[in-house]
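Listing of query-v2.txt; format and content: compact mmCIF, C-alpha atoms.
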# COMPACT_ATOMS: atom_id res chain seq x y z
CA MET A 1 -14.24 -10.54 4.69
CA LYS A 2 -15.96 -10.27 1.33
CA LEU A 3 -14.28 -11.69 -1.78
CA VAL A 4 -14.77 -9.06 -4.50
CA GLY A 5 -12.68 -10.73 -7.21
CA ARG A 6 -10.04 -13.40 -7.71
CA HIS A 7 -7.78 -14.16 -10.68
CA ILE A 8 -5.00 -16.69 -10.12
CA GLU A 9 -2.91 -17.97 -13.06
CA LYS A 10 -1.65 -21.56 -13.46
CA ASP A 11 1.79 -20.47 -12.25
CA ARG A 12 0.05 -19.22 -9.03
CA SER A 13 0.67 -15.55 -9.80
CA GLY A 14 -2.33 -13.26 -9.77
CA ARG A 15 -4.51 -10.88 -7.80
CA VAL A 16 -7.29 -11.04 -5.23
CA SER A 17 -9.67 -8.19 -4.38
CA LEU A 18 -11.09 -8.14 -0.84
CA LEU A 19 -13.36 -5.99 1.32
CA PRO A 20 -12.71 -6.08 5.10
CA GLU A 21 -16.04 -6.04 6.96
CA GLU A 22 -15.08 -6.97 10.55
CA ALA A 23 -12.18 -6.27 12.90
CA GLU A 24 -10.85 -9.81 12.47
CA ASP A 25 -10.59 -9.21 8.72
CA MET A 26 -7.80 -6.70 9.32
CA TRP A 27 -5.83 -9.45 11.06
CA HIS A 28 -6.30 -11.68 8.03
CA ALA A 29 -5.16 -8.86 5.73
CA TYR A 30 -2.07 -8.30 7.90
CA ASN A 31 -1.13 -11.97 7.48
CA LEU A 32 -1.80 -11.96 3.74
CA ILE A 33 0.21 -8.90 2.73
CA ALA A 34 3.98 -9.43 2.40
CA VAL A 35 6.98 -7.34 1.36
CA GLU A 36 7.34 -7.14 -2.46
CA ASP A 37 3.58 -7.68 -2.99
CA ARG A 38 1.65 -5.06 -4.97
CA LEU A 39 -1.24 -3.40 -3.16
CA LYS A 40 -3.93 -1.28 -4.81
CA SER A 41 -6.38 0.86 -2.85
CA THR A 42 -7.83 4.34 -2.54
CA THR A 43 -6.04 6.98 -0.52
CA ILE A 44 -5.94 10.71 0.20
CA ARG A 45 -3.00 12.66 -1.26
CA ARG A 46 -2.25 16.35 -0.79
CA VAL A 47 -1.71 17.78 -4.27
CA VAL A 48 -0.03 21.12 -4.99
CA SER A 49 -1.40 22.94 -8.03
CA GLU A 50 -0.33 26.24 -9.57
CA THR A 51 -2.92 28.85 -10.53
CA ALA A 52 -2.80 31.16 -13.58
CA THR A 53 -1.39 33.95 -11.41
CA GLY A 54 1.53 31.79 -10.29
CA SER A 55 0.33 31.13 -6.74
CA THR A 56 0.14 27.59 -5.40
CA ASP A 57 -2.84 25.83 -3.92
CA LYS A 58 -2.92 22.64 -1.84
CA ASN A 59 -5.87 20.28 -2.05
CA ALA A 60 -6.64 16.84 -0.62
CA VAL A 61 -7.54 14.52 -3.49
CA ARG A 62 -8.83 10.93 -3.26
CA ILE A 63 -6.91 8.78 -5.70
CA THR A 64 -6.28 5.10 -6.40
CA LEU A 65 -2.64 4.02 -6.02
CA THR A 66 -0.73 0.79 -6.54
CA ILE A 67 2.40 0.43 -4.41
CA GLN A 68 5.04 -2.23 -4.03
CA VAL A 69 5.02 -3.11 -0.35
CA GLU A 70 8.10 -2.31 1.72
CA THR A 71 6.85 -2.03 5.31
CA ILE A 72 3.69 -3.20 7.08
CA ASP A 73 2.37 -1.78 10.35
CA PHE A 74 -0.77 -3.03 12.10
CA ASP A 75 -2.47 -0.81 14.70
CA THR A 76 -4.51 -3.43 16.57
CA GLN A 77 -6.35 -0.86 18.69
CA ALA A 78 -7.56 1.25 15.77
CA GLY A 79 -7.88 -1.77 13.47
CA VAL A 80 -5.90 -0.03 10.71
CA LEU A 81 -3.13 -1.38 8.48
CA ARG A 82 -0.52 1.13 7.29
CA ILE A 83 1.36 -0.12 4.24
CA LYS A 84 4.32 1.88 2.94
CA GLY A 85 5.88 1.45 -0.49
CA ARG A 86 6.76 2.98 -3.85
CA ASN A 87 4.16 3.85 -6.50
CA VAL A 88 4.45 1.38 -9.41
CA GLU A 89 1.65 2.52 -11.72
CA GLU A 90 1.22 5.76 -13.65
CA ASN A 91 -0.77 8.41 -11.81
CA LYS A 92 -1.09 12.10 -12.62
CA HIS A 93 -0.82 13.06 -8.94
CA VAL A 94 2.00 10.75 -7.81
CA LYS A 95 5.26 10.14 -9.65
CA MET A 96 6.47 6.64 -10.42
CA GLY A 97 8.73 5.45 -7.62
CA ALA A 98 7.44 8.03 -5.11
CA TYR A 99 6.79 6.77 -1.59
CA HIS A 100 3.27 6.66 -0.19
CA THR A 101 1.51 5.02 2.75
CA LEU A 102 -1.83 3.31 2.17
CA ASP A 103 -4.18 3.04 5.15
CA LEU A 104 -6.37 -0.06 4.97
CA GLU A 105 -9.44 -0.01 7.20
CA LEU A 106 -12.90 -1.54 7.45
CA ASN A 107 -15.14 -1.25 4.39
CA ARG A 108 -12.27 -0.01 2.19
CA PRO A 109 -11.64 -2.52 -0.64
CA PHE A 110 -8.13 -3.39 -1.79
CA THR A 111 -6.48 -5.57 -4.42
CA LEU A 112 -3.44 -7.66 -3.55
CA THR A 113 -1.15 -8.99 -6.30
CA LYS A 114 1.50 -11.65 -5.67
CA THR A 115 4.04 -13.32 -7.96
CA GLU A 116 3.10 -16.58 -6.25
CA TRP A 117 0.11 -17.36 -4.06
CA ASP A 118 0.96 -20.18 -1.65
CA ILE A 119 -1.63 -22.63 -0.36
CA ILE A 120 -1.58 -21.12 3.16
CA SER A 121 -2.57 -17.67 1.87
CA LEU A 122 -5.33 -19.10 -0.33
CA GLU A 123 -6.71 -21.16 2.56
CA ARG A 124 -6.65 -18.06 4.78
CA ILE A 125 -8.77 -16.20 2.20
CA ASP A 126 -11.24 -19.10 2.09
CA ARG A 127 -11.53 -19.09 5.90
CA ALA A 128 -11.89 -15.31 6.11
CA CYS A 129 -14.60 -15.23 3.44
CA ASP A 130 -16.58 -18.19 4.78
CA VAL A 131 -19.81 -16.74 6.21
CA SER A 132 -20.09 -19.71 8.58
CA ASN A 133 -16.69 -18.91 10.08
CA ARG A 134 -17.62 -16.62 12.94
CA ALA A 135 -16.88 -16.47 16.65
CA GLU A 136 -18.30 -19.45 18.53
CA VAL A 137 -17.16 -18.18 21.94
CA ALA A 138 -18.24 -14.91 23.54
CA ALA A 139 -17.01 -13.58 26.87
CA VAL A 140 -17.88 -10.81 29.30
CA VAL A 141 -14.89 -10.06 31.52
CA LEU A 142 -15.93 -7.60 34.19
CA GLU A 143 -15.59 -6.01 37.60
CA GLU A 144 -17.69 -3.27 39.16
CA GLY A 145 -17.82 -0.39 36.66
CA LEU A 146 -15.74 -2.10 33.95
CA ALA A 147 -16.70 -4.72 31.36
CA ASN A 148 -15.09 -6.03 28.19
CA ILE A 149 -17.42 -7.72 25.69
CA CYS A 150 -15.20 -10.09 23.68
CA LEU A 151 -15.54 -12.49 20.79
CA VAL A 152 -13.01 -15.33 20.68
CA THR A 153 -12.33 -16.68 17.20
CA ASP A 154 -9.84 -19.27 16.01
CA GLU A 155 -7.57 -16.37 14.96
CA MET A 156 -7.77 -13.74 17.68
CA THR A 157 -9.77 -12.16 20.49
CA ILE A 158 -11.80 -9.11 19.48
CA VAL A 159 -13.07 -6.60 22.05
CA ARG A 160 -16.46 -5.66 20.64
CA GLN A 161 -17.18 -3.09 23.33
CA ARG A 162 -15.49 -1.77 26.45
CA ILE A 163 -17.88 -0.37 29.04
CA GLU A 164 -16.68 1.91 31.82
CA THR A 165 -19.11 3.46 34.28
CA ASN A 166 -18.51 5.49 37.41
CA ILE A 167 -20.38 3.79 40.25
CA PRO A 168 -20.95 5.87 43.43
CA ARG A 169 -19.66 4.42 46.66
CA LYS A 170 -22.02 3.15 49.31
CA ARG A 171 -22.70 5.74 52.00
CA ARG A 172 -23.45 5.00 55.61
CA GLY A 173 -27.18 4.42 56.00
CA THR A 174 -28.00 4.39 52.28
CA ALA A 175 -26.89 2.56 49.17
CA THR A 176 -29.45 4.03 46.76
CA ASN A 177 -26.99 5.83 44.48
CA HIS A 178 -24.67 2.81 44.46
CA ASP A 179 -27.49 0.44 43.53
CA LYS A 180 -28.70 2.76 40.76
CA GLY A 181 -25.17 2.96 39.37
CA ILE A 182 -24.83 -0.83 39.39
CA ALA A 183 -28.21 -1.20 37.65
CA ARG A 184 -27.18 1.27 34.92
CA PHE A 185 -23.90 -0.61 34.45
CA TYR A 186 -25.62 -4.00 34.16
CA GLU A 187 -28.15 -2.56 31.71
CA GLN A 188 -25.32 -1.33 29.46
CA VAL A 189 -23.73 -4.79 29.50
CA TYR A 190 -27.12 -6.42 28.81
CA GLN A 191 -27.75 -4.20 25.79
CA ALA A 192 -24.21 -4.81 24.51
CA LEU A 193 -24.80 -8.57 24.60
CA LEU A 194 -27.98 -8.23 22.56
CA ARG A 195 -26.20 -5.97 20.09
CA HIS A 196 -22.95 -7.87 19.56
CA LEU A 197 -23.74 -11.58 20.04
CA ASN A 198 -25.12 -13.81 17.31
CA PHE A 199 -26.63 -16.63 19.36
CA GLU A 200 -27.16 -18.72 16.23
CA VAL A 201 -23.38 -19.09 16.02
CA VAL A 202 -22.15 -18.56 19.59
CA LYS A 203 -22.01 -21.82 21.53
CA VAL A 204 -20.72 -20.50 24.86
CA VAL A 205 -21.05 -17.15 26.65
CA ILE A 206 -18.44 -16.88 29.40
CA VAL A 207 -19.20 -14.42 32.21
CA ALA A 208 -16.06 -13.93 34.31
CA SER A 209 -15.27 -11.62 37.21
CA PRO A 210 -13.65 -11.41 40.64
CA GLY A 211 -16.03 -12.06 43.54
CA PHE A 212 -19.76 -12.28 42.91
CA VAL A 213 -20.11 -9.62 40.20
CA LYS A 214 -20.62 -12.32 37.55
CA ASP A 215 -23.46 -13.90 39.56
CA ALA A 216 -25.18 -10.55 40.05
CA LEU A 217 -24.86 -9.73 36.34
CA TYR A 218 -26.24 -13.10 35.27
CA LYS A 219 -29.21 -12.68 37.64
CA TYR A 220 -29.86 -9.22 36.16
CA ILE A 221 -29.69 -10.61 32.62
CA VAL A 222 -32.17 -13.41 33.34
CA ASP A 223 -34.53 -11.24 35.39
CA THR A 224 -34.56 -8.54 32.69
CA ALA A 225 -35.15 -11.12 29.94
CA LEU A 226 -38.09 -12.59 31.91
CA ARG A 227 -39.55 -9.15 32.55
CA THR A 228 -39.28 -8.09 28.89
CA SER A 229 -39.95 -11.55 27.39
CA GLU A 230 -36.64 -11.44 25.54
CA LYS A 231 -36.63 -14.89 23.90
CA LEU A 232 -33.12 -14.44 22.52
CA ILE A 233 -31.72 -14.60 26.06
CA LEU A 234 -34.24 -17.03 27.54
CA ASP A 235 -33.75 -19.59 24.76
CA ASN A 236 -29.96 -19.47 25.21
CA ARG A 237 -29.64 -19.49 29.00
CA ALA A 238 -27.85 -22.84 28.89
CA LYS A 239 -24.98 -21.27 26.96
CA PHE A 240 -23.96 -18.99 29.85
CA LEU A 241 -20.97 -20.14 31.92
CA LEU A 242 -19.93 -18.30 35.10
CA VAL A 243 -16.20 -18.34 35.89
CA HIS A 244 -13.92 -16.62 38.41
CA CYS A 245 -11.08 -14.39 37.17
CA SER A 246 -8.62 -11.96 38.75
CA SER A 247 -9.86 -8.71 37.15
CA GLY A 248 -12.17 -7.18 34.57
CA GLN A 249 -9.34 -6.38 32.17
CA LYS A 250 -9.13 -8.14 28.80
CA HIS A 251 -5.92 -10.00 29.71
CA ALA A 252 -7.82 -11.92 32.42
CA LEU A 253 -9.57 -13.80 29.60
CA THR A 254 -6.36 -15.79 29.05
CA GLU A 255 -6.56 -17.36 32.53
CA VAL A 256 -10.30 -17.94 32.11
CA LEU A 257 -9.83 -19.95 28.92
CA GLN A 258 -7.35 -22.26 30.68
CA GLU A 259 -9.89 -23.32 33.31
CA PRO A 260 -10.80 -27.05 33.01
CA ALA A 261 -14.52 -26.26 33.30
CA VAL A 262 -14.25 -23.79 30.45
CA GLN A 263 -12.21 -26.19 28.31
CA ALA A 264 -14.88 -28.88 28.78
CA GLN A 265 -17.61 -26.45 27.70
CA LEU A 266 -15.60 -25.36 24.66
CA SER A 267 -14.77 -28.89 23.53
CA GLU A 268 -16.68 -28.61 20.23
CA THR A 269 -15.50 -25.14 19.21
CA LYS A 270 -12.74 -24.36 16.70
CA TYR A 271 -10.83 -22.45 19.37
CA ALA A 272 -10.73 -25.48 21.69
CA LYS A 273 -9.57 -27.78 18.92
CA GLU A 274 -6.58 -25.53 18.25
CA VAL A 275 -5.76 -25.38 21.96
CA GLN A 276 -5.96 -29.18 22.11
CA SER A 277 -3.51 -29.44 19.20
CA LEU A 278 -1.10 -27.11 20.98
CA ASP A 279 -1.40 -29.06 24.26
CA ARG A 280 -0.78 -32.30 22.37
CA PHE A 281 2.37 -30.77 20.85
CA TYR A 282 3.76 -29.84 24.28
CA GLU A 283 2.92 -33.26 25.70
CA THR A 284 4.66 -34.99 22.79
CA LEU A 285 7.66 -32.68 23.10
CA ALA A 286 8.01 -33.68 26.74
CA SER A 287 7.37 -37.43 26.40
CA ASP A 288 8.70 -38.24 22.91
CA PRO A 289 10.72 -35.28 21.54
CA ALA A 290 11.72 -37.23 18.40
CA LYS A 291 8.10 -36.82 17.20
CA ALA A 292 7.69 -33.09 17.87
CA PHE A 293 9.56 -30.50 15.82
CA TYR A 294 9.63 -26.70 15.83
CA GLY A 295 11.64 -24.09 14.00
CA PHE A 296 11.55 -23.52 10.24
CA ARG A 297 14.54 -25.71 9.31
CA HIS A 298 13.44 -28.79 11.27
CA VAL A 299 9.79 -28.49 10.26
CA ARG A 300 10.75 -28.14 6.60
CA LYS A 301 12.79 -31.35 6.74
CA ALA A 302 9.86 -33.19 8.33
CA VAL A 303 7.51 -31.91 5.60
CA GLU A 304 9.94 -32.95 2.85
CA ARG A 305 10.00 -36.47 4.29
CA GLY A 306 6.21 -36.67 4.56
CA ALA A 307 6.43 -37.11 8.34
CA VAL A 308 3.94 -34.40 9.40
CA GLU A 309 0.56 -35.27 10.88
CA VAL A 310 -0.34 -31.81 12.27
CA LEU A 311 1.27 -28.53 11.14
CA MET A 312 0.74 -25.40 13.24
CA VAL A 313 1.78 -22.01 11.88
Rendering of file as structure tokens:
Amino acid sequence: MKLVGRHIEKDRSGRVSLLPEEAEDMWHAYNLIAVEDRLKSTTIRRVVSETATGSTDKNAVRITLTIQVETIDFDTQAGVLRIKGRNVEENKHVKMGAYHTLDLELNRPFTLTKTEWDIISLERIDRACDVSNRAEVAAVVLEEGLANICLVTDEMTIVRQRIETNIPRKRRGTATNHDKGIARFYEQVYQALLRHLNFEVVKVVIVASPGFVKDALYKYIVDTALRTSEKLILDNRAKFLLVHCSSGQKHALTEVLQEPAVQAQLSETKYAKEVQSLDRFYETLASDPAKAFYGFRHVRKAVERGAVEVLMV
């Protein structure tokens, strides 16, 4: 997320202009925008105009609108936020009070105005705009012919690329076509890793699959890096961690991240620290429930009494 502009008054009212640059930024925007906020962004509006002869003509015009937010819908697959509300600023194409839906997407700037910016929202903006705050954990969850290249951040799991390849079956007496299909599949995964992973930030690369697919992929990655002298892979071989999982679907990553071996490897990442906090909460809830609270009313009372050591939202 890029911070384009920020103007907050002493009474905490004000506006912030942001530019989403990555898929995770849309998640941050979804958590920032609330009902009654004012949102300003560009949009396409179909405008009906009347010609000199009396006939009407419809044209799509790009305009800038400011709406007061009423509903918020987040399409996680497309990475698009759809914000519906009434127009609150004069515009020659849209009447005051008319409903419109703004679509927020990557690389489309927007300005968010609130009557009061709370500390949680401001901290979220700081985290989202911090260039050092990037995914420290990468994962390849795969089975034969299917692979999901994922980045695990402290906010969410992003599928950077989904690879699906039809691999011919082995035929009696020959496996040539099958082997060629597997090689093409592994090459696609290899290229996706080079394209999507920033090894300067990533601390662990999890390779998970049923059976021995993970081992075969890792061997292909290392052999190809040696053959092509790809230093990016060779210098980061120690970061690869091979783990068993039940399938190559994205949801299998949840079980992978619970593995003790994985947790040990992730001990210094932001993701692991949040998991540790959650585990500590459950342990405290079971052993000493008087020191673990959940639910808005109980948590608020604990905050008012200054009795909170860790707050998870």
Close residues, segment 101-105 of chain A itself excluded, 8 Å, only C-alpha atoms, min 6 positions apart in chain, as a PyMOL selection string: chain A and resi 20+26+41-43+79-85
Using only C-alpha atoms, please write the residues we just selected to a file, as a PDB file, keeping the file's coordinate frame.
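Written out: selection_3.pdb:
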ATOM      1  CA  PRO A  20     -12.710  -6.080   5.100  1.00  0.00           C
ATOM      2  CA  MET A  26      -7.800  -6.700   9.320  1.00  0.00           C
ATOM      3  CA  SER A  41      -6.380   0.860  -2.850  1.00  0.00           C
ATOM      4  CA  THR A  42      -7.830   4.340  -2.540  1.00  0.00           C
ATOM      5  CA  THR A  43      -6.040   6.980  -0.520  1.00  0.00           C
ATOM      6  CA  GLY A  79      -7.880  -1.770  13.470  1.00  0.00           C
ATOM      7  CA  VAL A  80      -5.900  -0.030  10.710  1.00  0.00           C
ATOM      8  CA  LEU A  81      -3.130  -1.380   8.480  1.00  0.00           C
ATOM      9  CA  ARG A  82      -0.520   1.130   7.290  1.00  0.00           C
ATOM     10  CA  ILE A  83       1.360  -0.120   4.240  1.00  0.00           C
ATOM     11  CA  LYS A  84       4.320   1.880   2.940  1.00  0.00           C
ATOM     12  CA  GLY A  85       5.880   1.450  -0.490  1.00  0.00           C
TER      13      GLY A  85
END
Interatomic distance, atom CA of Leu112 of chain A to atom CA of Val35 of chain A (Å, one decimal): 11.5 Å
Interatomic distance, atom CA of His93 of chain A to atom CA of Arg62 of chain A (Å, one decimal):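 Between atom CA of His93 of chain A and atom CA of Arg62 of chain A the gap works out to 10.0 Å.
Picture a line from atom CA of Gly145 of chain A to atom CA of Leu257 of chain A; it runs 22.5 Å.
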From A:Lys114, A:Arg300, A:Lys2, A:Lys203, residue lying nearest Asp130 of chain A [all atoms listed in the file]: A:Lys2
Near-Val48 of chain A list (10 Å; only C-alpha atoms; drop same-chain fewer than 2 positions) as a list in words: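 The residues that qualify are Arg45, Arg46, Glu50, Thr51, Thr56, Asp57, Lys58, Asn59, Ala60 and His93 of chain A.
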Only C-alpha atoms, please: the residues just picked out, written as a PDB file, in the frame of the given file.
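As written to disk, selection01.pdb reads:
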ATOM      1  CA  ARG A  45      -3.000  12.660  -1.260  1.00  0.00           C
ATOM      2  CA  ARG A  46      -2.250  16.350  -0.790  1.00  0.00           C
ATOM      3  CA  GLU A  50      -0.330  26.240  -9.570  1.00  0.00           C
ATOM      4  CA  THR A  51      -2.920  28.850 -10.530  1.00  0.00           C
ATOM      5  CA  THR A  56       0.140  27.590  -5.400  1.00  0.00           C
ATOM      6  CA  ASP A  57      -2.840  25.830  -3.920  1.00  0.00           C
ATOM      7  CA  LYS A  58      -2.920  22.640  -1.840  1.00  0.00           C
ATOM      8  CA  ASN A  59      -5.870  20.280  -2.050  1.00  0.00           C
ATOM      9  CA  ALA A  60      -6.640  16.840  -0.620  1.00  0.00           C
ATOM     10  CA  HIS A  93      -0.820  13.060  -8.940  1.00  0.00           C
TER      11      HIS A  93
END
Residue nearest Gln188 of chain A - candidates A:Cys245, A:Ala175, A:Val204, A:Ala147, atoms counted: all atoms listed in the file: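 Of all the options, A:Ala147 lies closest to Gln188 of chain A.
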For Asp179 of chain A: contacts at 9 Å, all atoms listed in the file, fewer than 5 positions along chain excluded, given as a compact mmCIF listing (two decimals) with C-alpha atoms, in the frame of the given file:
# COMPACT_ATOMS: atom_id res chain seq x y z
CA ILE A 167 -20.38 3.79 40.25
CA PRO A 168 -20.95 5.87 43.43
CA LYS A 170 -22.02 3.15 49.31
CA ARG A 184 -27.18 1.27 34.92
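Non-sequential neighbours of Ala183 of chain A (distance at most 12 Å, separation of 3 or more positions within a chain, only C-alpha atoms) are Glu144, Gly145, Thr165, Asn166, Ile167, Pro168, Thr176, Asn177, His178, Asp179, Lys180, Tyr186, Glu187, Gln188, Val189, Tyr190, Val213, Ala216, Leu217, Lys219, Tyr220, Ile221 and Thr224 of chain A.
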Export of prior selection with C-alpha atoms as a PDB file, keeping the file's coordinate frame:
ATOM      1  CA  GLU A 144     -17.690  -3.270  39.160  1.00  0.00           C
ATOM      2  CA  GLY A 145     -17.820  -0.390  36.660  1.00  0.00           C
ATOM      3  CA  THR A 165     -19.110   3.460  34.280  1.00  0.00           C
ATOM      4  CA  ASN A 166     -18.510   5.490  37.410  1.00  0.00           C
ATOM      5  CA  ILE A 167     -20.380   3.790  40.250  1.00  0.00           C
ATOM      6  CA  PRO A 168     -20.950   5.870  43.430  1.00  0.00           C
ATOM      7  CA  THR A 176     -29.450   4.030  46.760  1.00  0.00           C
ATOM      8  CA  ASN A 177     -26.990   5.830  44.480  1.00  0.00           C
ATOM      9  CA  HIS A 178     -24.670   2.810  44.460  1.00  0.00           C
ATOM     10  CA  ASP A 179     -27.490   0.440  43.530  1.00  0.00           C
ATOM     11  CA  LYS A 180     -28.700   2.760  40.760  1.00  0.00           C
ATOM     12  CA  TYR A 186     -25.620  -4.000  34.160  1.00  0.00           C
ATOM     13  CA  GLU A 187     -28.150  -2.560  31.710  1.00  0.00           C
ATOM     14  CA  GLN A 188     -25.320  -1.330  29.460  1.00  0.00           C
ATOM     15  CA  VAL A 189     -23.730  -4.790  29.500  1.00  0.00           C
ATOM     16  CA  TYR A 190     -27.120  -6.420  28.810  1.00  0.00           C
ATOM     17  CA  VAL A 213     -20.110  -9.620  40.200  1.00  0.00           C
ATOM     18  CA  ALA A 216     -25.180 -10.550  40.050  1.00  0.00           C
ATOM     19  CA  LEU A 217     -24.860  -9.730  36.340  1.00  0.00           C
ATOM     20  CA  LYS A 219     -29.210 -12.680  37.640  1.00  0.00           C
ATOM     21  CA  TYR A 220     -29.860  -9.220  36.160  1.00  0.00           C
ATOM     22  CA  ILE A 221     -29.690 -10.610  32.620  1.00  0.00           C
ATOM     23  CA  THR A 224     -34.560  -8.540  32.690  1.00  0.00           C
TER      24      THR A 224
END
Polymer residues at most 12 Å from (-11.4, -7.0, 12.8) by only C-alpha atoms, as a PyMOL selection string: chain A and resi 1+19-30+74-81+104-107+128+134-135+150-153+155-160
Write the selection just made, keeping C-alpha atoms, as a compact mmCIF listing (two decimals), keeping the file's coordinate frame?
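Output (out-v2.txt):
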# COMPACT_ATOMS: atom_id res chain seq x y z
CA MET A 1 -14.24 -10.54 4.69
CA LEU A 19 -13.36 -5.99 1.32
CA PRO A 20 -12.71 -6.08 5.10
CA GLU A 21 -16.04 -6.04 6.96
CA GLU A 22 -15.08 -6.97 10.55
CA ALA A 23 -12.18 -6.27 12.90
CA GLU A 24 -10.85 -9.81 12.47
CA ASP A 25 -10.59 -9.21 8.72
CA MET A 26 -7.80 -6.70 9.32
CA TRP A 27 -5.83 -9.45 11.06
CA HIS A 28 -6.30 -11.68 8.03
CA ALA A 29 -5.16 -8.86 5.73
CA TYR A 30 -2.07 -8.30 7.90
CA PHE A 74 -0.77 -3.03 12.10
CA ASP A 75 -2.47 -0.81 14.70
CA THR A 76 -4.51 -3.43 16.57
CA GLN A 77 -6.35 -0.86 18.69
CA ALA A 78 -7.56 1.25 15.77
CA GLY A 79 -7.88 -1.77 13.47
CA VAL A 80 -5.90 -0.03 10.71
CA LEU A 81 -3.13 -1.38 8.48
CA LEU A 104 -6.37 -0.06 4.97
CA GLU A 105 -9.44 -0.01 7.20
CA LEU A 106 -12.90 -1.54 7.45
CA ASN A 107 -15.14 -1.25 4.39
CA ALA A 128 -11.89 -15.31 6.11
CA ARG A 134 -17.62 -16.62 12.94
CA ALA A 135 -16.88 -16.47 16.65
CA CYS A 150 -15.20 -10.09 23.68
CA LEU A 151 -15.54 -12.49 20.79
CA VAL A 152 -13.01 -15.33 20.68
CA THR A 153 -12.33 -16.68 17.20
CA GLU A 155 -7.57 -16.37 14.96
CA MET A 156 -7.77 -13.74 17.68
CA THR A 157 -9.77 -12.16 20.49
CA ILE A 158 -11.80 -9.11 19.48
CA VAL A 159 -13.07 -6.60 22.05
CA ARG A 160 -16.46 -5.66 20.64
Since the input lacks atoms, please generate N, CA, C and O atoms for segment 157-168 of chain A and provide them as an mmCIF file, in the coordinates of the input.
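Ended up saving to part_32.cif:
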data_model
loop_
_atom_site.group_PDB
_atom_site.id
_atom_site.type_symbol
_atom_site.label_atom_id
_atom_site.label_comp_id
_atom_site.auth_asym_id
_atom_site.auth_seq_id
_atom_site.Cartn_x
_atom_site.Cartn_y
_atom_site.Cartn_z
ATOM 1 N N THR A 157 -8.721 -12.620 19.600
ATOM 2 C CA THR A 157 -9.770 -12.160 20.490
ATOM 3 C C THR A 157 -10.097 -10.710 20.153
ATOM 4 O O THR A 157 -9.212 -9.860 20.129
ATOM 5 N N ILE A 158 -11.360 -10.449 19.875
ATOM 6 C CA ILE A 158 -11.800 -9.110 19.480
ATOM 7 C C ILE A 158 -12.633 -8.511 20.609
ATOM 8 O O ILE A 158 -13.595 -9.122 21.069
ATOM 9 N N VAL A 159 -12.255 -7.319 21.066
ATOM 10 C CA VAL A 159 -13.070 -6.600 22.050
ATOM 11 C C VAL A 159 -14.137 -5.829 21.285
ATOM 12 O O VAL A 159 -13.841 -4.839 20.618
ATOM 13 N N ARG A 160 -15.362 -6.299 21.365
ATOM 14 C CA ARG A 160 -16.460 -5.660 20.640
ATOM 15 C C ARG A 160 -16.883 -4.353 21.298
ATOM 16 O O ARG A 160 -17.265 -3.395 20.624
ATOM 17 N N GLN A 161 -16.825 -4.322 22.623
ATOM 18 C CA GLN A 161 -17.180 -3.090 23.330
ATOM 19 C C GLN A 161 -16.550 -3.098 24.716
ATOM 20 O O GLN A 161 -16.514 -4.127 25.384
ATOM 21 N N ARG A 162 -16.027 -1.957 25.098
ATOM 22 C CA ARG A 162 -15.490 -1.770 26.450
ATOM 23 C C ARG A 162 -16.404 -0.783 27.154
ATOM 24 O O ARG A 162 -16.638 0.322 26.660
ATOM 25 N N ILE A 163 -16.924 -1.197 28.292
ATOM 26 C CA ILE A 163 -17.880 -0.370 29.040
ATOM 27 C C ILE A 163 -17.240 0.069 30.353
ATOM 28 O O ILE A 163 -16.774 -0.764 31.128
ATOM 29 N N GLU A 164 -17.202 1.360 30.558
ATOM 30 C CA GLU A 164 -16.680 1.910 31.820
ATOM 31 C C GLU A 164 -17.714 2.871 32.392
ATOM 32 O O GLU A 164 -18.168 3.798 31.712
ATOM 33 N N THR A 165 -18.096 2.638 33.622
ATOM 34 C CA THR A 165 -19.110 3.460 34.280
ATOM 35 C C THR A 165 -18.657 3.814 35.693
ATOM 36 O O THR A 165 -18.142 2.952 36.415
ATOM 37 N N ASN A 166 -18.836 5.047 36.050
ATOM 38 C CA ASN A 166 -18.510 5.490 37.410
ATOM 39 C C ASN A 166 -19.650 5.109 38.345
ATOM 40 O O ASN A 166 -20.778 5.570 38.190
ATOM 41 N N ILE A 167 -19.353 4.248 39.308
ATOM 42 C CA ILE A 167 -20.380 3.790 40.250
ATOM 43 C C ILE A 167 -20.139 4.446 41.614
ATOM 44 O O ILE A 167 -19.064 4.278 42.205
ATOM 45 N N PRO A 168 -21.124 5.202 42.116
ATOM 46 C CA PRO A 168 -20.950 5.870 43.430
ATOM 47 C C PRO A 168 -20.709 4.862 44.547
ATOM 48 O O PRO A 168 -21.220 3.740 44.523
#
